[in-house]
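Chemist: Input: one structure, supplied below.
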Amino acid sequence: MGILDKVIANSVPYMPKPFVQRISRRYAAGNEASDAVRVARDLSRQGCLTTVGVLGEFAPTEQYTRERLGDYKQVVDAMEDLRDPDLDYHVTVKLTDLGLTLDEDLCRKNLEEILLYAKARGRCLEVDMEETPYVTATLDMALKMHERHGDTGAVVQAYLRRTLGDLGRLVEAGIPVRLVKGVYVEPMELAYQDYDVVRQNYVLLLEELLRGGVNTRIATHDEYLVWHALRLIHQLGLDKDRYEFQMIMGVQERLRKILVEAGHPVRVTVLFGKDSYEYSLRRLKENPKIAGYVTRDVL
Ligand code: FDA
């Protein structure tokens with residue numbers, strides 16, 4: 001992590017609000033479900049698949065989680081109202097936003113409600129992965145939903161030392177898996193700290209997933225990892241229904257276009273929500289590397 005990134009991260013609390021708002025506009029579609037729908041339709045016209053989600057984490061009350069369910073249903077309804085047969089979208093959720101830290105049963109019920117709502121409309125749910133205290137509960141819940149209803153995907157983080165050990169039961173369950181590097185700052189005991197080790201572990205996990213027959217969502221903007229993914233797809237002779245690339249809106253758009261034009265499935269995450277300013281601020285303060293990327297990008 002560069003010194004410049006740290007300097008930028010430390011100055012985030014002092015950055016003018018309009019500047020942080022500009023950053024959040026770059027990475028979030030807007031405040032309303034209709035903003036996400038507009039961006040998703042645009043991306044669909046560019047040949048991309050999409051994933052929609054609501055910005056937020058750590059629900060403070062049960063009432064908050066009920067409102068959140070409403071937000072999810074609203075965006076699904078708005079996407080369906082387009083009646084666009086080419087619009088292929090998933091829904092993504094964070095379990096702490098659905099009440100994981102309040103009450104696991106409440107969170108499970110909320111997750112199931114959103115899953116069934118999406119599934120009834122032929123859509124799949126993806127369960128984001130958060131900080132290490134929530135990894136076990138998140139994987140357990142995603143697997144339980146997949147076992148009960150199907151149409152659920154899990155996420156694993158390549159920077160975690162435990163992830164290789166977690167793959168066994170995911171592969172056995174046949175659950176689709178999104179592979180990411182991991183965005184939170186975690187201690188060395190739990191997570192690899194070296195950039196190259198994380199990359200090498202990503203490649204190792206990717207190979208295990210693809211060879212294990214798992215529907216794999218290759219979520220990265222790192223051209224080195226994209227190249228390894230393309231190499232494995234080629235060497236293993238994988239069909240397009242076995243994998244997809246995933247990226248976040250506003251990031252590495254040139255690489256995204258190259259993959260789309262080469263005929264690979266590429267899904268773009270589109271987030272919206274009223275909390276976009278607070279959410280961006282937290283993300284930037286938390287992770288100096290992201291603060292560095294986005295600030296350089298916006299400048
Ligand atoms: P890396 O960080 O090396 O970035 C490669 C290049 O991409 C950089 O050099 C930079 O140019 C550009 N870049 C990357 N991120 C950028 C940004 N935010 N702004 C501007 N430029 C950027 N994490 C997690 O812990 N749980 C999760 O559930 C998810 N979900 C998820 C979904 C999707 C679709 C993606 C793409 C990513 C996630 N992540 C995530 C985040 C992930 O863990 C990781 O932090 C980021 O993808 C950045 O890592 P890269 O693999 O892109 O490599």
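Naming works like this for the structure tokens: A, B, ... for the chains as they're shown, residue 1 at the start of each chain, ligands 1 onward in shown order.
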For Leu55 (chain A), find every residue with an atom within 10 Å (counting only C-alpha atoms), except residues of its own chain fewer than 5 positions away, and show them as a PyMOL selection string.
Modeler: chain A and resi 28+31+68+93-94+97+270-280
Chemist: I need the chosen residues saved as a PDB file, in the first residue's frame, with N, CA and C atoms.
Modeler:
```
ATOM      1  N   ALA A  28     -21.802   4.711  -7.618  1.00  0.00           N
ATOM      2  CA  ALA A  28     -23.182   4.316  -7.322  1.00  0.00           C
ATOM      3  C   ALA A  28     -24.070   4.959  -8.382  1.00  0.00           C
ATOM      4  N   ASN A  31     -29.494   7.716  -5.993  1.00  0.00           N
ATOM      5  CA  ASN A  31     -30.226   7.487  -4.738  1.00  0.00           C
ATOM      6  C   ASN A  31     -31.383   6.515  -4.889  1.00  0.00           C
ATOM      7  N   ARG A  68     -35.425  -2.086   4.096  1.00  0.00           N
ATOM      8  CA  ARG A  68     -34.477  -2.597   3.104  1.00  0.00           C
ATOM      9  C   ARG A  68     -35.122  -3.633   2.181  1.00  0.00           C
ATOM     10  N   VAL A  93     -26.821  -8.933  -2.100  1.00  0.00           N
ATOM     11  CA  VAL A  93     -27.141  -8.415  -0.758  1.00  0.00           C
ATOM     12  C   VAL A  93     -25.953  -8.589   0.179  1.00  0.00           C
ATOM     13  N   LYS A  94     -25.926  -7.738   1.206  1.00  0.00           N
ATOM     14  CA  LYS A  94     -24.960  -7.904   2.301  1.00  0.00           C
ATOM     15  C   LYS A  94     -25.742  -8.344   3.527  1.00  0.00           C
ATOM     16  N   ASP A  97     -26.499  -5.972   6.330  1.00  0.00           N
ATOM     17  CA  ASP A  97     -27.537  -5.003   5.976  1.00  0.00           C
ATOM     18  C   ASP A  97     -28.931  -5.589   6.188  1.00  0.00           C
ATOM     19  N   VAL A 270     -24.232  -2.808 -10.136  1.00  0.00           N
ATOM     20  CA  VAL A 270     -24.807  -1.462 -10.098  1.00  0.00           C
ATOM     21  C   VAL A 270     -25.469  -1.277  -8.733  1.00  0.00           C
ATOM     22  N   LEU A 271     -24.926  -0.359  -7.949  1.00  0.00           N
ATOM     23  CA  LEU A 271     -25.466  -0.136  -6.607  1.00  0.00           C
ATOM     24  C   LEU A 271     -26.191   1.200  -6.548  1.00  0.00           C
ATOM     25  N   PHE A 272     -27.198   1.276  -5.720  1.00  0.00           N
ATOM     26  CA  PHE A 272     -27.893   2.552  -5.536  1.00  0.00           C
ATOM     27  C   PHE A 272     -28.285   2.671  -4.072  1.00  0.00           C
ATOM     28  N   GLY A 273     -28.668   3.871  -3.665  1.00  0.00           N
ATOM     29  CA  GLY A 273     -29.152   4.017  -2.291  1.00  0.00           C
ATOM     30  C   GLY A 273     -28.945   5.405  -1.746  1.00  0.00           C
ATOM     31  N   LYS A 274     -29.782   5.727  -0.779  1.00  0.00           N
ATOM     32  CA  LYS A 274     -29.736   7.072  -0.192  1.00  0.00           C
ATOM     33  C   LYS A 274     -28.476   7.270   0.639  1.00  0.00           C
ATOM     34  N   ASP A 275     -27.869   6.145   1.061  1.00  0.00           N
ATOM     35  CA  ASP A 275     -26.695   6.254   1.931  1.00  0.00           C
ATOM     36  C   ASP A 275     -25.391   6.375   1.147  1.00  0.00           C
ATOM     37  N   SER A 276     -25.460   6.708  -0.136  1.00  0.00           N
ATOM     38  CA  SER A 276     -24.245   6.568  -0.937  1.00  0.00           C
ATOM     39  C   SER A 276     -23.093   7.445  -0.425  1.00  0.00           C
ATOM     40  N   TYR A 277     -23.417   8.643   0.112  1.00  0.00           N
ATOM     41  CA  TYR A 277     -22.352   9.506   0.613  1.00  0.00           C
ATOM     42  C   TYR A 277     -21.668   8.874   1.827  1.00  0.00           C
ATOM     43  N   GLU A 278     -22.467   8.455   2.823  1.00  0.00           N
ATOM     44  CA  GLU A 278     -21.907   7.872   4.056  1.00  0.00           C
ATOM     45  C   GLU A 278     -21.161   6.573   3.723  1.00  0.00           C
ATOM     46  N   TYR A 279     -21.746   5.793   2.827  1.00  0.00           N
ATOM     47  CA  TYR A 279     -21.160   4.504   2.466  1.00  0.00           C
ATOM     48  C   TYR A 279     -19.782   4.721   1.818  1.00  0.00           C
ATOM     49  N   SER A 280     -19.729   5.673   0.888  1.00  0.00           N
ATOM     50  CA  SER A 280     -18.456   5.934   0.199  1.00  0.00           C
ATOM     51  C   SER A 280     -17.418   6.437   1.193  1.00  0.00           C
TER      52      SER A 280
END
```
Chemist: If you run DSSP on the backbone, which residues of region 56-296 of chain A are strand (DSSP E), as a PDB file with C-alpha atoms, in the first residue's frame?
Modeler:
```pdb
ATOM      1  CA  TYR A  89     -29.695  -9.295 -13.872  1.00  0.00           C
ATOM      2  CA  HIS A  90     -28.862 -10.762 -10.483  1.00  0.00           C
ATOM      3  CA  VAL A  91     -29.589  -9.251  -7.080  1.00  0.00           C
ATOM      4  CA  THR A  92     -26.798  -8.861  -4.522  1.00  0.00           C
ATOM      5  CA  VAL A  93     -27.141  -8.415  -0.758  1.00  0.00           C
ATOM      6  CA  CYS A 124     -30.638 -15.203  -8.916  1.00  0.00           C
ATOM      7  CA  LEU A 125     -29.349 -13.850  -5.640  1.00  0.00           C
ATOM      8  CA  GLU A 126     -25.695 -13.328  -4.722  1.00  0.00           C
ATOM      9  CA  VAL A 127     -24.623 -13.033  -1.084  1.00  0.00           C
ATOM     10  CA  THR A 152     -28.195 -18.485  -4.689  1.00  0.00           C
ATOM     11  CA  GLY A 153     -24.534 -17.630  -5.150  1.00  0.00           C
ATOM     12  CA  ALA A 154     -21.738 -17.330  -2.579  1.00  0.00           C
ATOM     13  CA  VAL A 155     -18.670 -15.096  -2.526  1.00  0.00           C
ATOM     14  CA  VAL A 156     -15.154 -16.010  -1.386  1.00  0.00           C
ATOM     15  CA  GLN A 157     -12.168 -13.745  -0.788  1.00  0.00           C
ATOM     16  CA  VAL A 177     -19.203 -18.761  -6.521  1.00  0.00           C
ATOM     17  CA  ARG A 178     -18.008 -15.192  -7.033  1.00  0.00           C
ATOM     18  CA  LEU A 179     -14.252 -15.006  -6.452  1.00  0.00           C
ATOM     19  CA  VAL A 180     -12.894 -11.633  -5.260  1.00  0.00           C
ATOM     20  CA  THR A 216     -17.515 -19.242 -11.387  1.00  0.00           C
ATOM     21  CA  ARG A 217     -17.921 -15.469 -11.266  1.00  0.00           C
ATOM     22  CA  ILE A 218     -14.491 -14.013 -11.843  1.00  0.00           C
ATOM     23  CA  ALA A 219     -14.800 -10.643 -10.086  1.00  0.00           C
ATOM     24  CA  TYR A 243     -18.146 -18.721 -15.988  1.00  0.00           C
ATOM     25  CA  GLU A 244     -18.599 -14.982 -16.196  1.00  0.00           C
ATOM     26  CA  PHE A 245     -16.439 -11.960 -15.487  1.00  0.00           C
ATOM     27  CA  GLN A 246     -17.760  -9.453 -12.980  1.00  0.00           C
ATOM     28  CA  MET A 247     -16.769  -5.818 -12.527  1.00  0.00           C
ATOM     29  CA  ILE A 248     -18.034  -2.770 -10.671  1.00  0.00           C
ATOM     30  CA  VAL A 266     -19.436  -9.806 -18.307  1.00  0.00           C
ATOM     31  CA  ARG A 267     -21.671  -8.780 -15.419  1.00  0.00           C
ATOM     32  CA  VAL A 268     -21.460  -5.287 -13.915  1.00  0.00           C
ATOM     33  CA  THR A 269     -22.503  -4.475 -10.367  1.00  0.00           C
ATOM     34  CA  VAL A 270     -24.807  -1.462 -10.098  1.00  0.00           C
ATOM     35  CA  LEU A 271     -25.466  -0.136  -6.607  1.00  0.00           C
ATOM     36  CA  PHE A 272     -27.893   2.552  -5.536  1.00  0.00           C
TER      37      PHE A 272
END
```
Chemist: Find the residues near Met79 (chain A): any atom within 9 Å, counting only C-alpha atoms, skip ones fewer than 3 places away on the same chain, and give them as a JSON list (two decimals) with all heavy atoms, in the first residue's frame.
Modeler:
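Writing the result to selection-v1.json gives the following:
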```
[["chain", "number", "residue", "atom", "x", "y", "z"],
["A", 33, "ALA", "N", -34.06, 3.56, -6.92],
["A", 33, "ALA", "CA", -34.09, 2.33, -7.71],
["A", 33, "ALA", "C", -34.09, 2.67, -9.21],
["A", 33, "ALA", "O", -33.45, 2.00, -10.01],
["A", 33, "ALA", "CB", -35.31, 1.50, -7.35],
["A", 34, "SER", "N", -34.82, 3.74, -9.55],
["A", 34, "SER", "CA", -34.92, 4.10, -10.98],
["A", 34, "SER", "C", -33.54, 4.44, -11.56],
["A", 34, "SER", "O", -33.28, 4.22, -12.75],
["A", 34, "SER", "CB", -35.87, 5.28, -11.17],
["A", 34, "SER", "OG", -35.44, 6.35, -10.36],
["A", 36, "ALA", "N", -30.70, 2.95, -10.68],
["A", 36, "ALA", "CA", -30.05, 1.65, -10.95],
["A", 36, "ALA", "C", -30.61, 1.03, -12.23],
["A", 36, "ALA", "O", -29.87, 0.47, -13.05],
["A", 36, "ALA", "CB", -30.26, 0.71, -9.77],
["A", 37, "VAL", "N", -31.91, 1.17, -12.42],
["A", 37, "VAL", "CA", -32.56, 0.58, -13.60],
["A", 37, "VAL", "C", -32.04, 1.26, -14.88],
["A", 37, "VAL", "O", -31.72, 0.59, -15.86],
["A", 37, "VAL", "CB", -34.09, 0.71, -13.48],
["A", 37, "VAL", "CG1", -34.78, 0.26, -14.76],
["A", 37, "VAL", "CG2", -34.59, -0.10, -12.29],
["A", 40, "ALA", "N", -28.52, 0.04, -15.47],
["A", 40, "ALA", "CA", -28.52, -1.37, -15.88],
["A", 40, "ALA", "C", -28.98, -1.51, -17.33],
["A", 40, "ALA", "O", -28.42, -2.30, -18.10],
["A", 40, "ALA", "CB", -29.43, -2.18, -14.95],
["A", 41, "ARG", "N", -29.98, -0.72, -17.71],
["A", 41, "ARG", "CA", -30.48, -0.81, -19.09],
["A", 41, "ARG", "C", -29.40, -0.35, -20.08],
["A", 41, "ARG", "O", -29.20, -0.93, -21.13],
["A", 41, "ARG", "CB", -31.75, 0.03, -19.24],
["A", 41, "ARG", "CG", -32.45, -0.27, -20.55],
["A", 41, "ARG", "CD", -33.78, 0.35, -20.65],
["A", 41, "ARG", "NE", -33.73, 1.75, -20.24],
["A", 41, "ARG", "CZ", -34.78, 2.54, -20.17],
["A", 41, "ARG", "NH1", -35.97, 2.07, -20.43],
["A", 41, "ARG", "NH2", -34.66, 3.79, -19.82],
["A", 74, "GLN", "N", -38.61, -3.11, -4.60],
["A", 74, "GLN", "CA", -38.85, -1.98, -5.51],
["A", 74, "GLN", "C", -37.92, -2.04, -6.73],
["A", 74, "GLN", "O", -38.36, -1.86, -7.87],
["A", 74, "GLN", "CB", -38.61, -0.68, -4.74],
["A", 74, "GLN", "CG", -39.12, 0.54, -5.46],
["A", 74, "GLN", "CD", -38.64, 1.83, -4.80],
["A", 74, "GLN", "OE1", -37.91, 1.81, -3.80],
["A", 74, "GLN", "NE2", -39.07, 2.94, -5.34],
["A", 75, "VAL", "N", -36.66, -2.36, -6.51],
["A", 75, "VAL", "CA", -35.75, -2.38, -7.65],
["A", 75, "VAL", "C", -36.04, -3.58, -8.54],
["A", 75, "VAL", "O", -35.98, -3.48, -9.78],
["A", 75, "VAL", "CB", -34.25, -2.30, -7.23],
["A", 75, "VAL", "CG1", -33.73, -3.57, -6.61],
["A", 75, "VAL", "CG2", -33.39, -1.91, -8.42],
["A", 76, "VAL", "N", -36.40, -4.71, -7.95],
["A", 76, "VAL", "CA", -36.75, -5.88, -8.77],
["A", 76, "VAL", "C", -37.99, -5.54, -9.61],
["A", 76, "VAL", "O", -38.02, -5.79, -10.82],
["A", 76, "VAL", "CB", -36.99, -7.13, -7.88],
["A", 76, "VAL", "CG1", -37.64, -8.26, -8.67],
["A", 76, "VAL", "CG2", -35.67, -7.60, -7.27],
["A", 82, "LEU", "N", -39.58, -3.11, -17.03],
["A", 82, "LEU", "CA", -39.01, -2.79, -18.35],
["A", 82, "LEU", "C", -39.42, -3.82, -19.41],
["A", 82, "LEU", "O", -39.37, -3.55, -20.60],
["A", 82, "LEU", "CB", -37.49, -2.75, -18.28],
["A", 82, "LEU", "CG", -36.84, -1.61, -17.51],
["A", 82, "LEU", "CD1", -35.33, -1.79, -17.49],
["A", 82, "LEU", "CD2", -37.18, -0.26, -18.14],
["A", 83, "ARG", "N", -39.78, -5.01, -18.94],
["A", 83, "ARG", "CA", -40.15, -6.11, -19.84],
["A", 83, "ARG", "C", -39.15, -6.25, -20.99],
["A", 83, "ARG", "O", -39.54, -6.36, -22.16],
["A", 83, "ARG", "CB", -41.56, -5.91, -20.41],
["A", 83, "ARG", "CG", -42.60, -5.85, -19.33],
["A", 83, "ARG", "CD", -44.02, -5.89, -19.85],
["A", 83, "ARG", "NE", -44.94, -5.58, -18.78],
["A", 83, "ARG", "CZ", -45.20, -6.37, -17.74],
["A", 83, "ARG", "NH1", -44.64, -7.55, -17.66],
["A", 83, "ARG", "NH2", -46.03, -6.00, -16.78],
["A", 84, "ASP", "N", -37.88, -6.19, -20.63],
["A", 84, "ASP", "CA", -36.83, -6.29, -21.64],
["A", 84, "ASP", "C", -36.22, -7.70, -21.57],
["A", 84, "ASP", "O", -35.55, -8.04, -20.61],
["A", 84, "ASP", "CB", -35.76, -5.23, -21.32],
["A", 84, "ASP", "CG", -34.60, -5.25, -22.29],
["A", 84, "ASP", "OD1", -34.52, -6.21, -23.08],
["A", 84, "ASP", "OD2", -33.77, -4.33, -22.24],
["A", 87, "LEU", "N", -32.53, -8.05, -20.72],
["A", 87, "LEU", "CA", -32.00, -7.57, -19.44],
["A", 87, "LEU", "C", -31.81, -8.76, -18.50],
["A", 87, "LEU", "O", -32.78, -9.30, -17.97],
["A", 87, "LEU", "CB", -32.97, -6.55, -18.83],
["A", 87, "LEU", "CG", -32.43, -5.76, -17.66],
["A", 87, "LEU", "CD1", -31.36, -4.77, -18.10],
["A", 87, "LEU", "CD2", -33.57, -4.99, -16.98],
["A", 89, "TYR", "N", -30.27, -9.88, -15.09],
["A", 89, "TYR", "CA", -29.69, -9.29, -13.87],
["A", 89, "TYR", "C", -29.78, -10.24, -12.68],
["A", 89, "TYR", "O", -30.67, -11.09, -12.60],
["A", 89, "TYR", "CB", -30.36, -7.95, -13.55],
["A", 89, "TYR", "CG", -31.76, -8.04, -13.01],
["A", 89, "TYR", "CD1", -32.01, -8.01, -11.65],
["A", 89, "TYR", "CD2", -32.85, -8.17, -13.87],
["A", 89, "TYR", "CE1", -33.31, -8.10, -11.15],
["A", 89, "TYR", "CE2", -34.14, -8.26, -13.39],
["A", 89, "TYR", "CZ", -34.36, -8.23, -12.03],
["A", 89, "TYR", "OH", -35.64, -8.33, -11.54]]
```
Chemist: Contacts of region 193-202 of chain A at 12 Å or less, counting only C-alpha atoms, minus same-chain residues fewer than 5 places along, as a ChimeraX atom specification?
Modeler: /A:1-2,156-164,178-188,207-209,218-229,289
Chemist: Return the single residue from A:Lys73, A:Gly99, A:Gly165, A:Glu104 that is closest to Ala120 (chain A), with distances computed using only C-alpha atoms.
Modeler: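 When distances to Ala120 (chain A) are compared using only C-alpha atoms, the smallest one comes from A:Lys73.
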Chemist: In region 73-210 of chain A, what's helix (DSSP H, G or I) per DSSP? Answer as a VMD selection string?
Modeler: chain A and resid 73 to 81 95 to 98 104 to 119 132 to 149 163 to 173 195 to 210
Chemist: Distance CA of Ser11 (chain A)-atom 41 (C, counted along the ligand's line) of ligand 1, one decimal place?
Modeler: 22.1 Å
Chemist: Using Å and a single decimal, report how far CA of Thr101 (chain A) sits from CA of Gly56 (chain A).
Modeler: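 Going from CA of Gly56 (chain A) over to CA of Thr101 (chain A) covers 13.4 Å.
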Chemist: Kindly give the distance, in Å, that separates CA of Glu57 (chain A) and CA of Leu100 (chain A), rounded to a single decimal.
Modeler: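 We find that CA of Glu57 (chain A) and CA of Leu100 (chain A) lie 9.7 Å from each other.
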Chemist: Env of Gly150 (chain A): 9 Å cut, atoms = only C-alpha atoms, seq-sep filter 4 positions within chain, self excluded. Answer as a ChimeraX atom specification.
Modeler: /A:119,124,145-146,175
Chemist: Based on the selection just made, write N, CA and C atoms of those residues as a PDB file, in the first residue's frame.
Modeler:
```pdb
ATOM      1  N   LYS A 119     -36.386 -15.050  -7.218  1.00  0.00           N
ATOM      2  CA  LYS A 119     -36.518 -16.344  -7.889  1.00  0.00           C
ATOM      3  C   LYS A 119     -37.859 -16.468  -8.622  1.00  0.00           C
ATOM      4  N   CYS A 124     -31.477 -14.555  -9.933  1.00  0.00           N
ATOM      5  CA  CYS A 124     -30.638 -15.203  -8.916  1.00  0.00           C
ATOM      6  C   CYS A 124     -30.157 -14.175  -7.894  1.00  0.00           C
ATOM      7  N   MET A 145     -29.556 -21.531   1.783  1.00  0.00           N
ATOM      8  CA  MET A 145     -30.535 -21.032   0.804  1.00  0.00           C
ATOM      9  C   MET A 145     -30.403 -21.768  -0.525  1.00  0.00           C
ATOM     10  N   HIS A 146     -29.153 -22.049  -0.898  1.00  0.00           N
ATOM     11  CA  HIS A 146     -28.925 -22.766  -2.161  1.00  0.00           C
ATOM     12  C   HIS A 146     -29.524 -24.170  -2.083  1.00  0.00           C
ATOM     13  N   ILE A 175     -22.658 -24.825  -5.574  1.00  0.00           N
ATOM     14  CA  ILE A 175     -23.185 -23.456  -5.520  1.00  0.00           C
ATOM     15  C   ILE A 175     -22.334 -22.542  -6.415  1.00  0.00           C
TER      16      ILE A 175
END
```
Chemist: Using only C-alpha atoms, which protein or nucleic acid residues come within 12 Å of Ala137 (chain A)? Drop anything in the same chain fewer than 5 positions from it, and give the result as a list of chain:residue names.
Modeler: A:Lys94, A:Leu95, A:Thr96, A:Leu100, A:Thr101, A:Asp103, A:Glu104, A:Asp105, A:Cys107, A:Arg108, A:Val127, A:Asp128, A:Met129, A:Glu130, A:Glu131, A:Thr132, A:Ala142, A:Leu143, A:Lys144, A:Ala154
